[in-house]
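Novice: Take a look at this one; I'll ask things after.
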Amino acid sequence: MTTLPEYLEFKAQRVAALREKLSASDTAPSPLRALARVAGGSGVRPVSIREFTIVTDSAPALAGYNLGPTSPELLLASLASCLAHTYLIVAINRGVRFDALEVEVNGQIDFRGILEVSASAPIPPSGLAYVARVSGDVSDDDLEQIQADVERLCPVFRALVEPVPVNGRVERVT
């Protein structure tokens, strides 16, 4: 596979097979897990996800060493990746073939909120926006409907615009 259209053909086969499998069974949701351990002495936070490790860190202003993206940057990366993947799935579902696709997500973070310098400063990243850049033989009307489908079906996008409850607890370890 050397081009995005060739990959889309391959992906269409895989998506069809998975859709058939899921339709034919009583499949439970797939579990997701990420584990972050803070490294002593540096504060670097390697995050383990399946067989992968992503090193996250802070900028030097927050005693980091700039060895990896920050957690808010990973949020934007997760959104960009999930949007791009959902654009591919929706394109397959609609029989559209992109020649190229990229998704850029931008936002900002106000450390005054996190550091409790200003009660009016937001704590979560704000001003989130994305642009999907596509090329291929697809009409503007199709792109508008594809975008609507993507925003309806993208799991990370939906988690951000319709937040899900997060339950937490602290466990003492020895």
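Following the order of the structure tokens, chains are lettered A, B, ..., residues in each are numbered from 1, and ligands are numbered from 1.
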Skip Val161 (chain A) itself and residues of its chain fewer than 4 positions away, then list as a ChimeraX atom specification all residues within 10 Å of it, counting only C-alpha atoms.
Specialist: /A:151,156-157
Novice: Near region 40-50 of chain A, counting only C-alpha atoms, which residues have an atom at most 12 Å away, once you skip same-chain residues fewer than 6 positions from it, shown as a PyMOL selection string?
Specialist: chain A and resi 31-34+56-60+62-71+74
Novice: Could you take the residues named above and write them with C-alpha atoms, as a tab-separated table (two decimals), in the first residue's frame?
Specialist:
chain	number	residue	atom	x	y	z
A	31	PRO	CA	-11.77	-2.45	27.52
A	32	LEU	CA	-9.38	0.50	27.43
A	33	ARG	CA	-6.52	1.06	29.87
A	34	ALA	CA	-3.71	3.57	30.34
A	56	THR	CA	4.80	12.68	28.84
A	57	ASP	CA	6.44	15.60	30.55
A	58	SER	CA	5.96	19.22	31.49
A	59	ALA	CA	7.62	22.28	30.06
A	60	PRO	CA	10.63	23.61	32.00
A	62	LEU	CA	6.66	23.58	35.52
A	63	ALA	CA	9.86	21.70	36.47
A	64	GLY	CA	9.69	19.46	33.43
A	65	TYR	CA	12.44	18.52	31.02
A	66	ASN	CA	10.40	18.85	27.82
A	67	LEU	CA	10.98	15.14	27.07
A	68	GLY	CA	7.52	14.56	25.66
A	69	PRO	CA	4.13	16.09	25.12
A	70	THR	CA	2.07	17.42	28.01
A	71	SER	CA	-1.19	15.78	29.00
A	74	LEU	CA	-2.03	14.45	24.27
Novice: Near Ala121 (chain A), counting only C-alpha atoms, which residues have an atom at most 9 Å away, once you skip same-chain residues fewer than 4 positions from it, shown as a list in words?
Specialist: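 Residues near the query, excluding close chain neighbours: Asp110, Phe111, Arg112, Gly113, Ile114, Glu116 and Val117 of chain A.
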Novice: For each of A:Cys82, A:Leu76, A:Ala132, A:Leu143, take the minimum atom-to-atom distance to Glu102 (chain A), counting only C-alpha atoms, then give the residue where this is smallest.
Specialist: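 With only C-alpha atoms as the atom set, the closest residue is A:Ala132.
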Novice: Looking only at strand (DSSP E) from DSSP on the backbone, list the matching residues of region 2-140 of chain A as a ChimeraX atom specification.
Specialist: /A:35-36,45-49,52-56,98-108,126-136
Novice: Export, as an mmCIF file, in the first residue's frame, the selected residues with C-alpha atoms.
Specialist:
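For reference, result32.cif as written:
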data_model
loop_
_atom_site.group_PDB
_atom_site.id
_atom_site.type_symbol
_atom_site.label_atom_id
_atom_site.label_comp_id
_atom_site.auth_asym_id
_atom_site.auth_seq_id
_atom_site.Cartn_x
_atom_site.Cartn_y
_atom_site.Cartn_z
ATOM 1 C CA LEU A 35 -1.250 3.563 33.244
ATOM 2 C CA ALA A 36 0.950 6.550 34.133
ATOM 3 C CA ARG A 45 5.282 10.383 33.328
ATOM 4 C CA PRO A 46 5.640 7.388 31.019
ATOM 5 C CA VAL A 47 2.172 6.203 30.043
ATOM 6 C CA SER A 48 1.703 2.529 29.171
ATOM 7 C CA ILE A 49 -1.059 1.687 26.705
ATOM 8 C CA PHE A 52 3.255 1.016 23.848
ATOM 9 C CA THR A 53 4.864 3.618 26.084
ATOM 10 C CA ILE A 54 4.431 7.331 25.533
ATOM 11 C CA VAL A 55 6.647 9.632 27.560
ATOM 12 C CA THR A 56 4.802 12.679 28.837
ATOM 13 C CA PHE A 98 -9.754 10.650 -0.155
ATOM 14 C CA ASP A 99 -6.388 11.158 -1.820
ATOM 15 C CA ALA A 100 -5.043 12.846 1.315
ATOM 16 C CA LEU A 101 -6.347 13.648 4.785
ATOM 17 C CA GLU A 102 -4.952 15.545 7.742
ATOM 18 C CA VAL A 103 -6.626 16.877 10.856
ATOM 19 C CA GLU A 104 -5.187 19.735 12.900
ATOM 20 C CA VAL A 105 -6.499 20.515 16.383
ATOM 21 C CA ASN A 106 -5.691 23.734 18.208
ATOM 22 C CA GLY A 107 -6.540 25.057 21.633
ATOM 23 C CA GLN A 108 -5.025 26.847 24.566
ATOM 24 C CA SER A 126 -10.221 25.936 25.919
ATOM 25 C CA GLY A 127 -10.818 27.267 22.460
ATOM 26 C CA LEU A 128 -10.608 23.775 20.965
ATOM 27 C CA ALA A 129 -11.047 23.796 17.202
ATOM 28 C CA TYR A 130 -10.148 21.468 14.372
ATOM 29 C CA VAL A 131 -9.741 21.667 10.645
ATOM 30 C CA ALA A 132 -9.841 18.581 8.445
ATOM 31 C CA ARG A 133 -7.948 19.001 5.198
ATOM 32 C CA VAL A 134 -8.969 16.566 2.476
ATOM 33 C CA SER A 135 -8.221 16.122 -1.162
ATOM 34 C CA GLY A 136 -10.010 13.839 -3.526
#
